[in-house]
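Here the structure is laid out as structure tokens; the discussion comes afterwards.
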Amino acid sequence: MGGGMKPIGAALAAGLFAALHFCSGEAVAAEPLKGIALVIGQSDYVHLQKLPNPSRDARQIEELLNRLGLETDMVEDRDARRLRRDFDGFLDDAEGADVALVYYSGHGIEAGGENFLLPVDADIDDVDEAGEKFVSLEEILGELRRKAKITIFLLDACRTNPFPEGTRLSKGGGGEPLTISASGLGTPRSAVSLVSPNRDTGESLGIVIGYAAAPGEVALDGQPGETSPYAAALLKHLGANDFDFADVMTMVSEEVYLSTRSQQQPWTNASLRRLLYFGNVVEQDEGEDAQIREARRDLLLTIATSPVETRNLVEAVSQTDAVPLDALYGMLKELNVDTTGGAEDLARQLKKGADNLRRILDQKIDIGARNDPELTRYAELADMAQAEGAIGLSRQFRERASARAEALSATLDKREEEVKADRLEIAATYAEEAQAALLSFDHVKAAQRFGDAYEQVRRWDDRLAWRYKADQGFALADYGDRFGDRSSIERALAAHETALNLVTREDDPEAWATSKYGKGVALSYLARVGTGVDALDEAVAALEDALEVRTRESHPRAWASTQLSIGNAAMNYGHVYGDPSWLKRSADAYRAAGEILTGYDRTISQRNLGMALSMQGFYANDADVLRQSVEAFDRALLHIPKADMPQEWARTEGNRAESLLALAALEPQSDYLQQGVTAIRAATDILERDRSPMDWALAQHYLGDAELRIAKLSNDAADYRRSIAAFERALEVWTRERSEIDWATANARMAEALELLGSVTADKAMVRHARDITAQAAAAMSAAGYSHNDSYFNSRLASIDATLEGMK
């Protein structure tokens with residue numbers, strides 16, 4: 001225990017300081033203050049549940065407070081008599097003190113709005129004499145506020161009620177007994193006055209009350225031998241001498257929130273009328289460790305300002321994908337979006353980031369001991385930064401490591417037998433930078449560095465070579481799908497083919513199945529941008545091969561993901577051939593995936609189910625199936641809030657519009673046409689070309705189709721022109737080079753509008769132009785293997801020829 005408290009006086013000139021500022025911002029000079037602290041740890045309860053950690057936590061807190069410049073007294077395992085005596089002595093010493101701080105860790109209870117701290121000899125029999133046996137928090141606070149200018153009371157006492165359920169407490173004096181709350185401490189009655197600093201009397205500069213958990217909630221104590229989350233957060237951030245005390249307590253609160261995976265959120269009630277800083281420096285303010293520490297604190301303060309909706313979204317993604325909150329908030333900060341206004345595409349980007357992080361955590365690169373001290377140091381720093389949610393800083397350390405790795409690489413070619421360990425180390429460094437790039441959504445850099453890692457190990461380690469080549473394939477496919485970049489998708493397919501050549505099903509079934517899955521996804525993406533139907537056949541075959549290993553029983557999530565990809569490929573296949581059996585298979589795959597998937601993934605399965613049913617109903621002219629499609633989209637939209645996820649909402653609403661327009665064609669007397677037009681216009685108002693160009697083009701195509709249907713009813717030239725303008729906007733993105741099938745589809749529909757407009761306006765040249773466009777689209781479809789569309793194009797060409805003949 002400490003040696004008793006003495007006034008600090010002039011000896012504190014380099015110790016505890018308060019930088020005092022008026023609320024208006026006018027500053028006064030810092031001056032030495034008298035600061036005292038009482039630290040209490042209650043572990044060895046005689047009659048109540050023992051607590052293994054408070055005494056040890058208190059000793060650590062006392063040591064830190066002493067280093068920060070406070071005159072401290074540390075006591076532990078105090079019975080009622082000694083605990084009250086400790087507080088009486090502390091109240092005497094607090095007379096005239098500038099700062100009086102109490103840290104208490106142990107059992108605490110709340111009854112009738114009053115909170116009590118329990119001595120270690122507390123017993124069930126004492127509840128009838130609570131006023132004498134237990135220490136009233138409110139009474140201590142009241143006394144301290146009258147004696148010290150600033151009072152700070154930190155309580156790690158929000159545990160479950162240690163007494164039997166329904167126990168009632170009496171303070172004596174004839175008052176009505178009060179029921180003890182089941183868990184946690186309550187809001188102290190004195191906290192009511194904190195919202196009004198004007199109620200402080202004399203020279204009081206305010207008070208801070210900190211609970212380890214919100215009033216009425218239970219705080220976690222940590223495992224035996226571990227520091228409690230609240231104590232650990234205090235130890236981590238109380239020494240932040242560059243921050244005022246209010247910010248320090250905010251950081252402590254968010255630190256506990258992260259370390260407990262949102263299970264615990266400390267509560268602080270503060271009414272400080274001056275800014276308070278600890279003057280003794282206990283942390284180094286230079287070097288990489290300081291950079292990580294400051295990045296962590298910056299993240300914590302950013303989290304504190306996050307809207308509730310954003311916190312709910314991050315917590316849901318963390319729970320669904322079993323990834324740390326720290327890294328998700330760090331990635332959110334890297335996205336640099338304005339969450340206060342509803343971040344564009346936030347949920348989908350976070351989900352993609354969570355998937356990448358889960359893959360990184362599951363497949364942590366381990367090459368054993370590293371040979372180069374500098375690479376070892378950067379790797380450790382990057383791991384530390386990533387664990388602290390400092391994603392950008394982690395990436396900087398990875399980049400420095402890769403720069404060092406590149407310098408090493410130049411010297412390795414001459415060391416044939418000695419080079420293997422070094423090459424593996426360099427590859428791991430490149431791959432780690434690639435992983436950091438994925439967390440920042442830089443798929444191009446990620447693919448480059450995974451490729452570099454593969455080149456380093458391909459002569460030495462087939463398993464690692466497979467790993468890096470497969471990861472390169474996934475990064476390229478993600479980028480190609482998002483931006484409609486055929487070259488990237490073709491490179492992704494080549495990467496997965498190379499990876500497949502490095503493993504066999506017999507020796508490494510999971511790696512083989514992963515590469516089969518990656519190949520199937522890449523082929524499905526290729527078919528979407530117009531490389532022919534053969535790619536769809538291969539895609540389905542590759543995905544079915546993967547399912548032979550990724551069974552529902554052994555790998556349920558991987559099985560469900562593969563079902564989603566089979567659904568995508570089968571839907572494209574059914575669209576290519578107009579084959580309802582493939583579209584039914586697609587719908588069945590989405591339904592099966594939805595039985596396993598949860599959260600946002602399940603919402604996507606519902607949306608895709610709606611798309612499959614839409615095509616199935618369209619080709620079969622089945623209004624009932626189309627209505628099922630609309631219902632599936634409606635279910636998906638229930639979990640895609642327009643305000644929070646506008647881009648995703650618009651994509652889904654656009655697909656729903658297409659189903660409504662198809663229904664309108666089957667039931668022209670209904671209001672489906674108006675519903676469809678309203679829906680597609682709402683979607684196109686939101687989608688942004690720069691953010692999601694392929695989705696934007698699809699919505700413009702749907703809009704052109706809707707306007708064409710309206711024009712056919714009105715036969716008005718202006719309506720035809722609006723339809724043509726929408727198709728032209730779609731074709732600005734759907735170029736023949738980027739997506740040949742989409743290009744041909746949009747041209748075919750635009751040609752129909754041109755033909756009808758030319759007929760209305762007697763513009764024969766326009767009709768001839770429509771014929772030329774139709775012939776080009778037909779040739780592109782035929783070359784890509786979409787021969788089932790030949791009858792449609794022949795019919796269209798015959799219609800145009802008849803129109804031209806009638807215009808002679």
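Identifiers in this document derive from the order of the structure tokens: chains are assigned A, B, ..., residues are numbered from 1 separately in each chain, and ligands are numbered from 1 in order of occurrence.
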
Residues of region 127-263 of chain A in alpha helix (DSSP H), written as an NGL selection string: :A and (130-133 or 137-147 or 229-237 or 245-259)

Find the residues of region 200-287 of chain A that sit at most 12 Å from region 292-298 of chain A; for each, write down the nearest two atoms and how far apart they are in Å, to one decimal. Count only C-alpha atoms. Sort by chain, then by number going up, and give it as CSV.
```
residue,atom,partner,partner_atom,distance
A:Ala233,CA,A:Arg297,CA,11.3
A:Lys236,CA,A:Arg293,CA,9.2
A:His237,CA,A:Arg297,CA,8.3
A:Leu238,CA,A:Arg297,CA,11.6
A:Gly239,CA,A:Arg293,CA,11.2
A:Ala240,CA,A:Arg297,CA,9.1
A:Asn241,CA,A:Glu294,CA,11.5
A:Asp242,CA,A:Glu294,CA,9.9
A:Phe243,CA,A:Arg297,CA,9.8
A:Asp247,CA,A:Arg297,CA,9.4
A:Val248,CA,A:Arg297,CA,8.9
A:Met249,CA,A:Arg297,CA,11.2
A:Thr250,CA,A:Arg297,CA,9.6
A:Met251,CA,A:Arg297,CA,6.5
A:Val252,CA,A:Arg297,CA,9.4
A:Ser253,CA,A:Arg297,CA,11.4
A:Glu254,CA,A:Arg297,CA,9.4
A:Glu255,CA,A:Arg297,CA,8.9
A:Leu258,CA,A:Arg296,CA,11.2
A:Glu283,CA,A:Arg293,CA,9.9
A:Gln284,CA,A:Arg293,CA,10.1
A:Asp285,CA,A:Glu294,CA,9.0
A:Glu286,CA,A:Glu294,CA,10.2
A:Gly287,CA,A:Ile292,CA,9.0
```

Selection file, C-alpha atoms, as a tab-separated table (two decimals), in the first residue's frame:
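Written output follows (again-v4.tsv):
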```tsv
chain	number	residue	atom	x	y	z
A	233	ALA	CA	-8.70	0.32	-21.17
A	236	LYS	CA	-4.02	1.78	-22.01
A	237	HIS	CA	-5.28	5.36	-22.30
A	238	LEU	CA	-4.99	7.25	-18.98
A	239	GLY	CA	-1.43	8.13	-19.95
A	240	ALA	CA	-2.57	9.94	-23.11
A	241	ASN	CA	-1.17	13.27	-21.97
A	242	ASP	CA	-1.92	15.00	-25.30
A	243	PHE	CA	-5.68	14.60	-24.75
A	247	ASP	CA	-11.44	12.62	-24.58
A	248	VAL	CA	-9.49	10.07	-22.53
A	249	MET	CA	-12.70	8.73	-21.02
A	250	THR	CA	-14.30	8.60	-24.49
A	251	MET	CA	-11.35	6.51	-25.69
A	252	VAL	CA	-11.66	4.23	-22.66
A	253	SER	CA	-15.35	3.70	-23.40
A	254	GLU	CA	-14.80	2.81	-27.06
A	255	GLU	CA	-11.80	0.61	-26.18
A	258	LEU	CA	-14.24	-3.00	-29.10
A	283	GLU	CA	4.47	7.46	-22.98
A	284	GLN	CA	7.04	7.99	-25.70
A	285	ASP	CA	5.65	10.32	-28.35
A	286	GLU	CA	7.93	9.20	-31.18
A	287	GLY	CA	8.50	5.97	-33.09
```

For Gly166 (chain A), the nearest of the candidates A:Leu564, A:Val127, A:Val540, A:Ala657, counting only C-alpha atoms: A:Val127

Between CA of Phe153 (chain A) and CA of Ile207 (chain A), distance in Å (one decimal): 8.1 Å

Please report as CSV every residue of region 208-326 of chain A lying within 9 Å of region 42-62 of chain A, along with the nearest atom pair and their distance in Å (one decimal), using only C-alpha atoms.
```
residue,atom,partner,partner_atom,distance
A:Asp221,CA,A:Asn53,CA,7.1
A:Gly222,CA,A:Asn53,CA,7.6
A:Gln223,CA,A:Asn53,CA,8.1
A:Pro224,CA,A:Pro52,CA,5.6
A:Gly225,CA,A:Asn53,CA,6.6
A:Glu226,CA,A:Asn53,CA,6.8
A:Thr227,CA,A:Asp57,CA,6.0
A:Ser228,CA,A:Asn53,CA,7.0
A:Ala231,CA,A:Asp57,CA,6.3
A:Ala232,CA,A:Asp57,CA,8.1
A:Leu234,CA,A:Ile61,CA,7.8
A:Leu235,CA,A:Ile61,CA,6.5
```

Given the selection you just returned, output its residues as a file containing N, CA and C atoms, formatted as a PDB file, in the first residue's frame.
```pdb
ATOM      1  N   ASP A 221     -15.717  -9.290 -16.072  1.00  0.00           N
ATOM      2  CA  ASP A 221     -14.606  -9.254 -15.131  1.00  0.00           C
ATOM      3  C   ASP A 221     -13.324  -9.788 -15.736  1.00  0.00           C
ATOM      4  N   GLY A 222     -13.401 -10.423 -16.888  1.00  0.00           N
ATOM      5  CA  GLY A 222     -12.225 -11.057 -17.463  1.00  0.00           C
ATOM      6  C   GLY A 222     -11.972 -12.412 -16.827  1.00  0.00           C
ATOM      7  N   GLN A 223     -11.201 -13.243 -17.491  1.00  0.00           N
ATOM      8  CA  GLN A 223     -10.856 -14.551 -16.944  1.00  0.00           C
ATOM      9  C   GLN A 223      -9.885 -14.388 -15.778  1.00  0.00           C
ATOM     10  N   PRO A 224      -9.874 -15.376 -14.846  1.00  0.00           N
ATOM     11  CA  PRO A 224      -8.900 -15.298 -13.745  1.00  0.00           C
ATOM     12  C   PRO A 224      -7.492 -15.100 -14.290  1.00  0.00           C
ATOM     13  N   GLY A 225      -6.783 -14.159 -13.716  1.00  0.00           N
ATOM     14  CA  GLY A 225      -5.434 -13.861 -14.184  1.00  0.00           C
ATOM     15  C   GLY A 225      -5.394 -12.802 -15.261  1.00  0.00           C
ATOM     16  N   GLU A 226      -6.572 -12.374 -15.760  1.00  0.00           N
ATOM     17  CA  GLU A 226      -6.624 -11.341 -16.777  1.00  0.00           C
ATOM     18  C   GLU A 226      -7.115 -10.028 -16.164  1.00  0.00           C
ATOM     19  N   THR A 227      -6.710  -8.940 -16.780  1.00  0.00           N
ATOM     20  CA  THR A 227      -7.206  -7.639 -16.366  1.00  0.00           C
ATOM     21  C   THR A 227      -8.615  -7.448 -16.916  1.00  0.00           C
ATOM     22  N   SER A 228      -9.491  -6.842 -16.137  1.00  0.00           N
ATOM     23  CA  SER A 228     -10.858  -6.603 -16.625  1.00  0.00           C
ATOM     24  C   SER A 228     -10.802  -5.660 -17.825  1.00  0.00           C
ATOM     25  N   ALA A 231     -10.473  -1.945 -16.684  1.00  0.00           N
ATOM     26  CA  ALA A 231      -9.153  -1.620 -16.138  1.00  0.00           C
ATOM     27  C   ALA A 231      -8.106  -1.612 -17.247  1.00  0.00           C
ATOM     28  N   ALA A 232      -8.204  -2.579 -18.154  1.00  0.00           N
ATOM     29  CA  ALA A 232      -7.238  -2.634 -19.255  1.00  0.00           C
ATOM     30  C   ALA A 232      -7.317  -1.375 -20.111  1.00  0.00           C
ATOM     31  N   LEU A 234      -8.395   1.626 -19.127  1.00  0.00           N
ATOM     32  CA  LEU A 234      -7.823   2.733 -18.353  1.00  0.00           C
ATOM     33  C   LEU A 234      -6.300   2.698 -18.395  1.00  0.00           C
ATOM     34  N   LEU A 235      -5.721   1.519 -18.203  1.00  0.00           N
ATOM     35  CA  LEU A 235      -4.259   1.388 -18.241  1.00  0.00           C
ATOM     36  C   LEU A 235      -3.705   1.774 -19.610  1.00  0.00           C
TER      37      LEU A 235
END
```

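One finds CA of Leu117 (chain A) at 13.2 Å from CA of Glu76 (chain A).
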
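Residue nearest Tyr525 (chain A), chosen from A:Gln675, A:Gln448, A:Thr411, A:Ser487 and counting only C-alpha atoms: A:Ser487.
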
Residues within 12 Å of Glu425 (chain A), only C-alpha atoms, excluding chain neighbours under 5 positions, as a ChimeraX atom specification: /A:365-376,379,401-402,404-406,408-409,412,419-420,430-432,453-454,456-457,460,464
